[in-house]
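What's in protein_20.txt: compact mmCIF, C-alpha atoms
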```txt
# COMPACT_ATOMS: atom_id res chain seq x y z
CA MET A 12 -37.06 -20.77 -39.68
CA PHE A 13 -34.83 -23.49 -41.10
CA THR A 14 -31.75 -24.41 -39.04
CA LEU A 15 -29.00 -26.96 -39.53
CA ASP A 16 -28.93 -29.66 -36.83
CA LEU A 17 -25.18 -29.59 -36.21
CA PRO A 18 -23.48 -31.37 -33.29
CA ALA A 19 -22.32 -29.24 -30.40
CA ALA A 20 -18.75 -28.05 -30.74
CA ASN A 21 -17.67 -29.59 -27.45
CA VAL A 22 -18.86 -33.13 -28.26
CA SER A 23 -15.85 -35.45 -28.51
CA THR A 24 -15.51 -38.72 -30.37
CA PRO A 25 -14.94 -41.66 -28.00
CA SER A 26 -11.41 -43.08 -28.04
CA LEU A 27 -10.10 -46.55 -27.30
CA GLU A 28 -6.46 -47.63 -27.39
CA THR A 29 -5.38 -51.17 -28.31
CA ALA A 30 -4.21 -51.96 -24.78
CA GLU A 31 -7.49 -50.63 -23.37
CA LEU A 32 -9.47 -52.88 -25.71
CA GLU A 33 -7.49 -55.91 -24.49
CA ASN A 34 -8.21 -54.92 -20.88
CA LEU A 35 -11.89 -54.64 -21.73
CA LEU A 36 -11.91 -58.06 -23.40
CA ASN A 37 -10.20 -59.59 -20.36
CA TYR A 38 -12.76 -57.98 -18.06
CA LEU A 39 -15.66 -59.34 -20.14
CA LYS A 40 -14.11 -62.82 -20.17
CA GLN A 41 -13.18 -63.04 -16.49
CA VAL A 42 -16.05 -61.15 -14.87
CA GLN A 43 -18.95 -61.39 -17.31
CA GLN A 44 -18.03 -64.82 -18.80
CA ILE A 45 -18.25 -63.31 -22.29
CA ASP A 46 -15.27 -64.40 -24.37
CA LEU A 47 -14.61 -62.20 -27.41
CA THR A 48 -10.83 -62.65 -27.39
CA GLY A 49 -10.83 -64.71 -30.60
CA TYR A 50 -12.60 -62.04 -32.65
CA LYS A 51 -10.83 -59.73 -35.09
CA ARG A 52 -9.64 -56.60 -33.35
CA PRO A 53 -10.58 -53.96 -35.95
CA THR A 54 -14.21 -55.10 -35.84
CA LEU A 55 -14.25 -55.20 -32.05
CA MET A 56 -12.65 -51.76 -31.81
CA ARG A 57 -15.07 -50.17 -34.27
CA ARG A 58 -18.21 -51.63 -32.73
CA THR A 59 -17.14 -51.00 -29.13
CA LEU A 60 -16.57 -47.35 -30.02
CA THR A 61 -20.03 -47.29 -31.57
CA ARG A 62 -21.54 -48.55 -28.31
CA MET A 63 -19.51 -46.07 -26.24
CA GLN A 64 -20.83 -43.25 -28.39
CA GLN A 65 -24.42 -44.53 -28.00
CA VAL A 66 -24.19 -44.33 -24.20
CA GLY A 67 -22.35 -41.01 -24.23
CA VAL A 68 -19.04 -42.28 -22.84
CA GLU A 69 -15.81 -40.78 -24.11
CA HIS A 70 -13.02 -42.74 -22.41
CA TYR A 71 -12.32 -46.42 -21.77
CA ARG A 72 -12.18 -46.03 -17.97
CA GLU A 73 -15.60 -44.37 -17.95
CA TYR A 74 -17.02 -47.17 -20.05
CA LEU A 75 -15.57 -49.86 -17.78
CA ASP A 76 -17.21 -48.08 -14.82
CA TYR A 77 -20.45 -47.95 -16.80
CA LEU A 78 -20.26 -51.72 -17.46
CA GLU A 79 -19.76 -52.40 -13.76
CA GLN A 80 -22.68 -50.18 -12.72
CA GLN A 81 -25.19 -51.20 -15.41
CA PRO A 82 -25.81 -54.99 -15.34
CA GLN A 83 -27.48 -55.02 -18.77
CA GLU A 84 -24.77 -53.06 -20.57
CA SER A 85 -22.68 -56.14 -21.38
CA THR A 86 -25.70 -57.51 -23.25
CA HIS A 87 -26.13 -54.28 -25.20
CA LEU A 88 -22.42 -54.28 -26.05
CA LEU A 89 -22.63 -57.89 -27.20
CA ASN A 90 -25.61 -57.06 -29.41
CA THR A 91 -23.61 -54.22 -30.98
CA VAL A 92 -20.50 -56.34 -31.53
CA LEU A 93 -22.37 -59.40 -32.82
CA ILE A 94 -24.69 -58.00 -35.45
CA ASN A 95 -27.07 -60.92 -35.98
CA VAL A 96 -28.25 -60.72 -39.58
CA THR A 97 -30.31 -63.74 -40.51
CA ASP A 98 -33.46 -64.74 -42.37
CA PHE A 99 -35.43 -67.86 -43.17
CA PHE A 100 -33.93 -69.62 -46.21
CA ARG A 101 -31.38 -66.84 -46.73
CA ASP A 102 -29.48 -67.39 -50.02
CA GLY A 103 -32.08 -69.59 -51.67
CA ALA A 104 -29.66 -71.50 -53.91
CA VAL A 105 -27.88 -72.89 -50.84
CA TRP A 106 -31.13 -74.21 -49.39
CA ASP A 107 -32.13 -75.71 -52.74
CA TYR A 108 -28.82 -77.58 -52.78
CA LEU A 109 -29.31 -78.83 -49.22
CA ALA A 110 -32.86 -79.94 -49.97
CA ASN A 111 -32.08 -81.67 -53.28
CA HIS A 112 -28.60 -83.09 -52.64
CA THR A 113 -27.16 -82.92 -49.13
CA ILE A 114 -30.13 -83.98 -47.00
CA PRO A 115 -31.15 -86.85 -49.36
CA GLN A 116 -27.55 -88.15 -49.19
CA ILE A 117 -27.59 -88.06 -45.39
CA ILE A 118 -30.89 -89.95 -45.24
CA ALA A 119 -29.79 -92.52 -47.84
CA LYS A 120 -26.71 -93.45 -45.81
CA LYS A 121 -28.71 -94.01 -42.62
CA GLU A 122 -30.61 -97.04 -41.41
CA PRO A 123 -34.41 -96.47 -41.38
CA ASN A 124 -34.57 -95.68 -37.65
CA GLU A 125 -31.07 -94.29 -37.18
CA PRO A 126 -30.86 -90.82 -35.56
CA ILE A 127 -29.96 -87.73 -37.62
CA ARG A 128 -28.06 -85.05 -35.74
CA VAL A 129 -27.77 -81.49 -37.03
CA TRP A 130 -26.00 -78.42 -35.63
CA SER A 131 -26.75 -74.82 -36.58
CA ALA A 132 -23.74 -72.91 -35.16
CA GLY A 133 -24.05 -69.14 -34.82
CA CYS A 134 -27.81 -69.52 -35.13
CA ALA A 135 -28.68 -65.96 -33.96
CA SER A 136 -32.46 -65.76 -33.44
CA GLY A 137 -33.11 -69.18 -34.96
CA GLU A 138 -34.32 -68.57 -38.50
CA GLU A 139 -31.70 -70.83 -40.10
CA THR A 140 -32.26 -73.53 -37.49
CA TYR A 141 -35.97 -73.65 -38.18
CA SER A 142 -35.27 -73.52 -41.93
CA LEU A 143 -33.22 -76.70 -41.48
CA ALA A 144 -36.02 -78.24 -39.44
CA MET A 145 -38.53 -77.62 -42.24
CA LEU A 146 -36.27 -79.17 -44.89
CA LEU A 147 -35.67 -82.25 -42.73
CA ALA A 148 -39.36 -82.63 -41.87
CA GLU A 149 -40.28 -82.33 -45.56
CA ALA A 150 -37.71 -84.97 -46.50
CA LEU A 151 -38.54 -87.42 -43.69
CA GLY A 152 -42.16 -86.71 -42.90
CA ILE A 153 -43.37 -85.30 -39.59
CA LYS A 154 -43.40 -88.60 -37.69
CA GLN A 155 -39.89 -89.61 -38.75
CA PHE A 156 -38.64 -86.10 -38.03
CA GLN A 157 -40.01 -86.28 -34.48
CA GLN A 158 -38.53 -89.72 -33.89
CA ARG A 159 -35.12 -89.35 -35.52
CA VAL A 160 -33.93 -85.74 -35.70
CA GLN A 161 -32.01 -83.89 -33.02
CA LEU A 162 -31.32 -80.33 -34.13
CA TYR A 163 -29.07 -78.04 -32.09
CA GLY A 164 -28.96 -74.27 -32.48
CA THR A 165 -26.15 -72.41 -30.69
CA ASP A 166 -25.05 -68.82 -30.37
CA VAL A 167 -22.90 -66.80 -27.98
CA ASP A 168 -25.63 -64.14 -27.70
CA LEU A 169 -28.01 -65.21 -24.90
CA ASN A 170 -30.76 -62.77 -25.95
CA ALA A 171 -30.74 -64.19 -29.48
CA VAL A 172 -30.86 -67.75 -28.12
CA MET A 173 -33.81 -66.90 -25.90
CA GLN A 174 -35.64 -65.45 -28.89
CA ALA A 175 -34.87 -68.59 -30.90
CA ARG A 176 -36.26 -70.80 -28.13
CA LYS A 177 -39.58 -68.95 -28.28
CA GLY A 178 -39.88 -69.73 -31.99
CA TYR A 179 -42.03 -66.65 -32.42
CA TYR A 180 -41.70 -64.40 -35.48
CA SER A 181 -43.50 -61.47 -37.07
CA ALA A 182 -45.32 -61.64 -40.38
CA HIS A 183 -42.43 -59.74 -41.97
CA GLU A 184 -39.86 -62.19 -40.60
CA VAL A 185 -41.65 -65.25 -42.02
CA SER A 186 -42.37 -63.62 -45.39
CA ALA A 187 -39.48 -65.52 -47.03
CA ILE A 188 -41.06 -68.87 -46.08
CA PRO A 189 -43.29 -70.37 -48.82
CA ALA A 190 -46.95 -70.05 -47.86
CA ALA A 191 -47.47 -73.82 -47.71
CA LEU A 192 -44.60 -74.24 -45.25
CA GLN A 193 -45.81 -71.29 -43.16
CA LYS A 194 -49.19 -72.95 -42.79
CA LYS A 195 -47.72 -76.39 -42.11
CA TYR A 196 -45.06 -75.52 -39.53
CA PHE A 197 -46.26 -72.34 -37.80
CA GLU A 198 -49.33 -71.42 -35.81
CA HIS A 199 -50.71 -68.08 -36.99
CA THR A 200 -51.51 -65.91 -33.97
CA ALA A 201 -52.89 -62.39 -33.66
CA ASP A 202 -49.38 -60.91 -33.51
CA GLY A 203 -47.23 -63.28 -35.54
CA TYR A 204 -46.23 -66.87 -36.20
CA LEU A 205 -45.29 -69.52 -33.63
CA TRP A 206 -43.29 -72.70 -34.38
CA ARG A 207 -45.36 -75.88 -33.95
CA ALA A 208 -45.41 -77.07 -30.34
CA ASP A 209 -45.27 -80.76 -31.28
CA LEU A 210 -41.93 -80.25 -33.08
CA ARG A 211 -40.16 -78.40 -30.28
CA ARG A 212 -38.62 -81.49 -28.67
CA SER A 213 -36.49 -82.02 -31.76
CA THR A 214 -34.99 -78.52 -31.67
CA LEU A 215 -32.76 -77.42 -28.79
CA PHE A 216 -31.09 -74.02 -28.42
CA HIS A 217 -28.02 -73.32 -26.26
CA CYS A 218 -25.88 -70.28 -25.46
CA ARG A 219 -22.48 -71.63 -26.45
CA SER A 220 -19.07 -70.33 -27.54
CA LEU A 221 -17.64 -71.95 -30.66
CA ILE A 222 -14.11 -71.24 -29.43
CA GLN A 223 -14.39 -72.51 -25.87
CA ALA A 224 -17.18 -75.09 -25.65
CA ALA A 225 -16.71 -78.77 -26.44
CA PRO A 226 -18.07 -79.78 -29.87
CA PHE A 227 -21.29 -81.76 -30.24
CA PRO A 228 -20.52 -85.37 -31.26
CA ARG A 229 -21.80 -87.45 -34.21
CA ILE A 230 -23.13 -84.52 -36.25
CA ASP A 231 -24.38 -85.33 -39.77
CA LEU A 232 -24.95 -81.76 -40.98
CA LEU A 233 -23.32 -78.63 -39.55
CA LEU A 234 -24.22 -75.11 -40.68
CA CYS A 235 -21.97 -72.21 -39.68
CA ARG A 236 -22.56 -69.44 -42.18
CA ASN A 237 -20.74 -66.09 -42.21
CA THR A 238 -19.51 -66.48 -38.64
CA LEU A 239 -15.85 -67.43 -39.13
CA ILE A 240 -15.15 -64.11 -40.86
CA TYR A 241 -15.30 -62.37 -37.47
CA PHE A 242 -12.58 -64.60 -35.97
CA MET A 243 -8.82 -64.25 -36.15
CA GLU A 244 -7.01 -67.05 -38.01
CA GLU A 245 -6.02 -68.98 -34.90
CA ALA A 246 -9.59 -68.88 -33.60
CA GLN A 247 -10.86 -70.00 -37.01
CA ILE A 248 -8.55 -73.02 -36.89
CA ARG A 249 -9.70 -73.82 -33.37
CA VAL A 250 -13.34 -73.78 -34.47
CA LEU A 251 -12.73 -75.79 -37.64
CA VAL A 252 -10.80 -78.52 -35.82
CA ARG A 253 -13.70 -78.80 -33.37
CA PHE A 254 -16.12 -79.01 -36.30
CA HIS A 255 -13.95 -81.79 -37.73
CA PHE A 256 -14.31 -83.70 -34.46
CA SER A 257 -18.07 -83.10 -34.47
CA LEU A 258 -18.86 -84.44 -37.91
CA THR A 259 -19.44 -88.09 -38.67
CA HIS A 260 -17.31 -89.72 -41.36
CA ASN A 261 -19.99 -88.88 -43.96
CA GLY A 262 -21.01 -85.55 -42.42
CA PHE A 263 -21.32 -82.22 -44.22
CA LEU A 264 -20.16 -78.72 -43.24
CA VAL A 265 -21.92 -75.68 -44.73
CA LEU A 266 -20.15 -72.31 -44.57
CA GLY A 267 -21.18 -68.84 -45.73
CA GLN A 268 -20.12 -67.09 -48.91
CA ALA A 269 -17.84 -64.81 -46.88
CA ASP A 270 -16.12 -67.67 -45.03
CA ASN A 271 -12.89 -68.56 -46.83
CA LEU A 272 -10.72 -71.56 -45.94
CA SER A 273 -7.68 -69.71 -47.24
CA ALA A 274 -4.90 -70.89 -44.94
CA HIS A 275 -3.40 -74.31 -45.68
CA SER A 276 -4.14 -75.51 -42.16
CA GLN A 277 -7.82 -74.66 -42.71
CA SER A 278 -8.21 -76.09 -46.21
CA SER A 279 -6.44 -79.29 -45.16
CA LEU A 280 -9.35 -80.13 -42.86
CA PHE A 281 -12.20 -80.04 -45.39
CA THR A 282 -12.71 -80.59 -49.09
CA PRO A 283 -15.47 -78.87 -51.14
CA VAL A 284 -18.48 -80.80 -52.43
CA SER A 285 -20.16 -77.73 -53.89
CA ARG A 286 -18.18 -74.49 -54.10
CA ASP A 287 -21.29 -72.50 -55.04
CA ALA A 288 -23.33 -73.74 -52.07
CA ARG A 289 -20.25 -73.75 -49.80
CA VAL A 290 -20.77 -77.40 -48.77
CA PHE A 291 -17.76 -79.43 -47.57
CA THR A 292 -16.89 -82.87 -46.29
CA LYS A 293 -14.07 -83.53 -43.89
CA VAL A 294 -10.67 -84.92 -44.86
CA PRO A 295 -10.30 -88.19 -42.87
CA ASP A 296 -8.02 -87.93 -39.81
CA ALA A 297 -6.91 -84.39 -40.73
CA HIS A 298 -7.60 -83.21 -37.18
CA ARG A 299 -4.89 -85.51 -35.86
CA ASP A 300 -2.19 -83.05 -36.97
CA ALA A 301 -0.34 -82.29 -33.73
CA ARG A 302 -0.02 -78.57 -34.50
CA LEU A 303 -3.74 -78.21 -35.17
CA LEU A 304 -4.61 -80.10 -32.00
CA SER A 305 -2.38 -77.85 -29.93
CA ILE A 306 -4.21 -74.79 -31.29
CA ALA A 307 -7.69 -76.24 -31.03
CA PHE A 308 -7.52 -77.43 -27.45
CA CYS A 309 -4.99 -75.08 -25.85
```

Show me this structure written as structure tokens.
Amino acid sequence: MFTLDLPAANVSTPSLETAELENLLNYLKQVQQIDLTGYKRPTLMRRTLTRMQQVGVEHYREYLDYLEQQPQESTHLLNTVLINVTDFFRDGAVWDYLANHTIPQIIAKKEPNEPIRVWSAGCASGEETYSLAMLLAEALGIKQFQQRVQLYGTDVDLNAVMQARKGYYSAHEVSAIPAALQKKYFEHTADGYLWRADLRRSTLFHCRSLIQAAPFPRIDLLLCRNTLIYFMEEAQIRVLVRFHFSLTHNGFLVLGQADNLSAHSQSSLFTPVSRDARVFTKVPDAHRDARLLSIAFC
């Protein structure tokens, strides 16, 4: 007999008030060392409620108790809040531009043995970081890549960073990589594809907050794609000023299609090189604005 699978009448939708969300964020920051205070509140509210519903918790106080009693719950909440959507060479036109214009310009302005430093911020499980590594190795050659390139991948999600460090991906996950590059840069195992062991020293992954952590210095190319959209305006400014500090005079910043430098204080820091590829260079000395400094390093 056919029956409709309707929810029970006494099942309630979890609720979370604004003040309760702030208390939760403060708890995560002070006790769990997870700082989400710079993220947009509607997104945080919606995704926290989703996680509460998944664990069958109706009220904020119950969920806080659940967090305290279940050590892994903060990780599950973080995974729900920070939906890591990434692929190798995602948005192909952007990668074509980097390969044919940006990376050749960086190499041309360097001395033959001068280091090249690259930062993939908000790297999730590492696909974009390894995509960058392949483009740089193709442009420089394997030996020069090993000798000259230092590539940093950072994300606030520790589980994603640990996955990135392994450099291990399924056949489906590497399907966007051209076959020749798959063969050249990955070891094909029985269960998937493993990043070449001899290239690992050039690629370092760290669990790192864009809002709180000090910026990496002397960066030539910085990718941070579709991450700023989750931050409130003040947090966006804080991150962008730190990026400005990070980049060399001739360095490039690459943002995502959804990342808009709409506020004057944001657009005053960087100028577009390619609007389609979302590639920018920094405006000299723009970070010295006293108001921006007070926001960035408060």

Neighbours of Asn90 (chain A) within 10 Å (only C-alpha atoms; same-chain residues fewer than 4 positions away dropped), as a count of residues only?
11

In terms of the shortest atom-to-atom distance over all atoms listed in the file, which of A:Thr140, A:Ser220, A:Val160, A:Arg128 is closest to Arg101 (chain A)?
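Among the listed residues, A:Thr140 lies closest to Arg101 (chain A).
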
With all atoms listed in the file as the atoms that count, which of A:Leu143, A:Lys40, A:Thr282, A:Gln158 lies nearest to Thr113 (chain A)?
A:Leu143

Separation of CA of Ile114 (chain A) from CA of Ile222 (chain A) in Å
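Here the two named atoms are 27.0 Å from each other.
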
Using all atoms listed in the file, which of A:Ser131, A:Asn237, A:Gln64, A:Thr54 sits nearest Val172 (chain A)?
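Of A:Ser131, A:Asn237, A:Gln64, A:Thr54, the one nearest Val172 (chain A), counting all atoms listed in the file, is A:Ser131.
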
Can you tell me, as AutoDock Vina command-line options, the centre and edge lengths (Å, one decimal) of the axis-aligned box enclosing all of region 38-52 of chain A's listed atoms after padding each side by 4 Å?
```
--center_x -14.3 --center_y -60.7 --center_z -25.0 --size_x 17.3 --size_y 16.2 --size_z 28.2
```

Excluding region 32-35 of chain A and any residue of its chain fewer than 4 positions from it, enumerate the residues within 8 Å of it, using all atoms listed in the file, and give them as a VMD selection string.
chain A and resid 27 to 28 39 56 75

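Interatomic distance, CA of Met173 (chain A) against CA of Phe156 (chain A): 23.2 Å.
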
Show which residues sit within 9 Å of Phe242 (chain A), as a VMD selection string. Count all atoms listed in the file, and ignore same-chain residues fewer than 6 positions away.
chain A and resid 48 to 52

What is the distance, in Å and to one decimal place, between CA of Ala297 (chain A) and CA of Pro283 (chain A)?
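Here the two named atoms are 14.6 Å from each other.
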
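Compared by their closest atoms to Val290 (chain A), and using all atoms listed in the file, the residues A:Tyr179, A:Val105, A:Asp202, A:Ala190 rank with A:Val105 nearest.
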
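In this comparison, which uses all atoms listed in the file, the residue of A:Asp46, A:Glu122, A:Glu245, A:Asp98 approaching Ser181 (chain A) most closely is A:Asp98.
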
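Distance check against Thr97 (chain A) using all atoms listed in the file: of A:Ile230, A:Ala175, A:Ala201, A:Cys218, the minimum falls on A:Ala175.
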
(-39.6, -86.2, -39.4) in this file's frame - what residues fall within 10 Å of it? Use all atoms listed in the file and give the answer as a list in words.
Ile127, Ala144, Met145, Leu146, Leu147, Ala148, Glu149, Ala150, Leu151, Gly152, Ile153, Lys154, Gln155, Phe156, Gln157, Gln158, Arg159, Val160, Leu210 and Ser213 of chain A
